[in-house]
Amino acid sequence: MKLRCVLFAGLLASLPFGVLKAQSTYDSTYAASLGADDYGMKSYVMAFLKTGPNRSPDAATRNKLQMAHLENIIRMAEAGQLLIAGPFTDTGTIRGIYIFDVRTIAEAKALTETDPAIRAGSLVMELKPWYGPAALREIAALNKKATKKSITGK
């Protein structure tokens with residue numbers, strides 16, 4: 001045990017000081033524009049999209065509902081209400097996530113109720129308050145540089 005402590009202390013001593021102490025380029029104006037607290041974080045609401053009770057066996061109906069669901073995602077994202085959305089790639093009952101830029105579950109619930117897949121019962125949502133990076137809002141603008149095609153094909 002003593003040898004492990006000595007080795008660990010030696011490892012820490014060999015690291016550059018910046019690794020131990022976060023280098024800061026803090027910008028108070030930028031932080032305020034994001035709604036960041038002193039830790040660079042803020043409150044959001046995360047939604048877990050789960051398989052709902054009303055899954056249509058008809059492929060054409062499912063595809064039409066999926067397109068309406070995707071168009072709703074784009075609408076909420078363009079309005080700045082939805083920051084992250086995406087499906088899980090396995091076949092479990094949790095189908096995907098949303099991260100809403102709202103402070104309350106009630107606000108997120110009102111947004112989820114605009115989703116055609118939720119209204120049809122094809123999906124259900126579980127909403128959780130989440131504390132995450134305030135700069136999450138910047139992801140959408142960055143991702144536009146990496147996006148070649150729209151998810152709706154339009």
# chains A, B, ... in the order shown; residues from 1 in each chain; ligands from 1
>>> select_by_dssp(residues="chain A", states="alpha helix (DSSP H)", output="VMD selection string")
chain A and resid 2 to 14 17 to 20 28 to 34 59 to 78 105 to 112 116 to 119 138 to 144
>>> residues_around(residues="A:Pro129", least_positions_apart="5", cutoff="10 Å", atoms="only C-alpha atoms", output="ChimeraX atom specification")
/A:43-47,99-100,102-105,108
>>> write_last_selection(atoms="N, CA and C atoms", output="compact mmCIF listing (two decimals), in the first residue's frame")
# COMPACT_ATOMS: atom_id res chain seq x y z
N SER A 43 -29.57 23.91 -15.82
CA SER A 43 -30.61 22.89 -15.74
C SER A 43 -31.30 22.70 -17.08
N TYR A 44 -31.58 21.46 -17.39
CA TYR A 44 -32.32 21.06 -18.59
C TYR A 44 -33.34 20.02 -18.17
N VAL A 45 -34.10 19.52 -19.14
CA VAL A 45 -34.95 18.35 -18.91
C VAL A 45 -34.60 17.32 -19.99
N MET A 46 -34.30 16.11 -19.54
CA MET A 46 -34.01 15.02 -20.45
C MET A 46 -35.25 14.14 -20.58
N ALA A 47 -35.53 13.74 -21.79
CA ALA A 47 -36.66 12.85 -22.06
C ALA A 47 -36.14 11.53 -22.60
N ILE A 99 -33.02 16.24 -25.17
CA ILE A 99 -32.61 17.15 -24.09
C ILE A 99 -33.22 18.51 -24.43
N PHE A 100 -34.16 18.91 -23.58
CA PHE A 100 -34.87 20.17 -23.76
C PHE A 100 -34.17 21.29 -23.01
N VAL A 102 -35.25 23.70 -21.27
CA VAL A 102 -36.30 24.25 -20.41
C VAL A 102 -35.93 23.91 -18.97
N ARG A 103 -36.52 24.60 -18.02
CA ARG A 103 -36.17 24.39 -16.62
C ARG A 103 -37.10 23.42 -15.90
N THR A 104 -38.32 23.26 -16.41
CA THR A 104 -39.28 22.46 -15.64
C THR A 104 -39.80 21.27 -16.44
N ILE A 105 -40.20 20.26 -15.70
CA ILE A 105 -40.83 19.08 -16.30
C ILE A 105 -42.12 19.49 -17.02
N ALA A 108 -41.35 20.80 -20.45
CA ALA A 108 -40.96 19.70 -21.33
C ALA A 108 -42.16 18.83 -21.70
>>> atom_distance(atom1="atom CA of A:Arg95", atom2="atom CA of A:Glu126")
11.3 Å
>>> residues_around(residues="A:Ala32", least_positions_apart="5", cutoff="12 Å", atoms="only C-alpha atoms", output="list in words")
Tyr26, Asp27, Asp37, Asp38, Tyr39, Gly40, Met41, Lys42, Ala134 and Ala135 of chain A
>>> atom_distance(atom1="atom CA of A:Gly35", atom2="atom CA of A:Leu70")
27.7 Å
>>> closest_residue(among="A:Ala31, A:Val124, A:Leu83, A:Ile151", to="A:Gln66", atoms="only C-alpha atoms")
A:Ile151
>>> residues_around(residues="A:Thr114", least_positions_apart="5", cutoff="10 Å", atoms="only C-alpha atoms", output="PyMOL selection string")
chain A and resi 69+72-73+76+109+119
>>> write_last_selection(atoms="N, CA and C atoms", output="PDB file, in the first residue's frame")
ATOM      1  N   HIS A  69     -42.906  12.794 -36.726  1.00  0.00           N
ATOM      2  CA  HIS A  69     -42.091  12.838 -35.503  1.00  0.00           C
ATOM      3  C   HIS A  69     -40.786  13.593 -35.787  1.00  0.00           C
ATOM      4  N   ASN A  72     -41.316  17.289 -36.282  1.00  0.00           N
ATOM      5  CA  ASN A  72     -41.541  17.938 -34.992  1.00  0.00           C
ATOM      6  C   ASN A  72     -40.213  18.167 -34.266  1.00  0.00           C
ATOM      7  N   ILE A  73     -39.319  17.201 -34.348  1.00  0.00           N
ATOM      8  CA  ILE A  73     -37.990  17.352 -33.753  1.00  0.00           C
ATOM      9  C   ILE A  73     -37.289  18.568 -34.356  1.00  0.00           C
ATOM     10  N   MET A  76     -38.853  21.873 -33.091  1.00  0.00           N
ATOM     11  CA  MET A  76     -38.444  22.218 -31.717  1.00  0.00           C
ATOM     12  C   MET A  76     -36.984  22.647 -31.668  1.00  0.00           C
ATOM     13  N   LYS A 109     -43.044  18.618 -20.747  1.00  0.00           N
ATOM     14  CA  LYS A 109     -44.242  17.808 -21.007  1.00  0.00           C
ATOM     15  C   LYS A 109     -45.093  18.476 -22.091  1.00  0.00           C
ATOM     16  N   ARG A 119     -48.681  11.635 -29.344  1.00  0.00           N
ATOM     17  CA  ARG A 119     -50.140  11.750 -29.431  1.00  0.00           C
ATOM     18  C   ARG A 119     -50.778  10.453 -29.929  1.00  0.00           C
TER      19      ARG A 119
END
>>> atom_distance(atom1="atom CA of A:Ser150", atom2="atom CA of A:Ala79")
16.8 Å
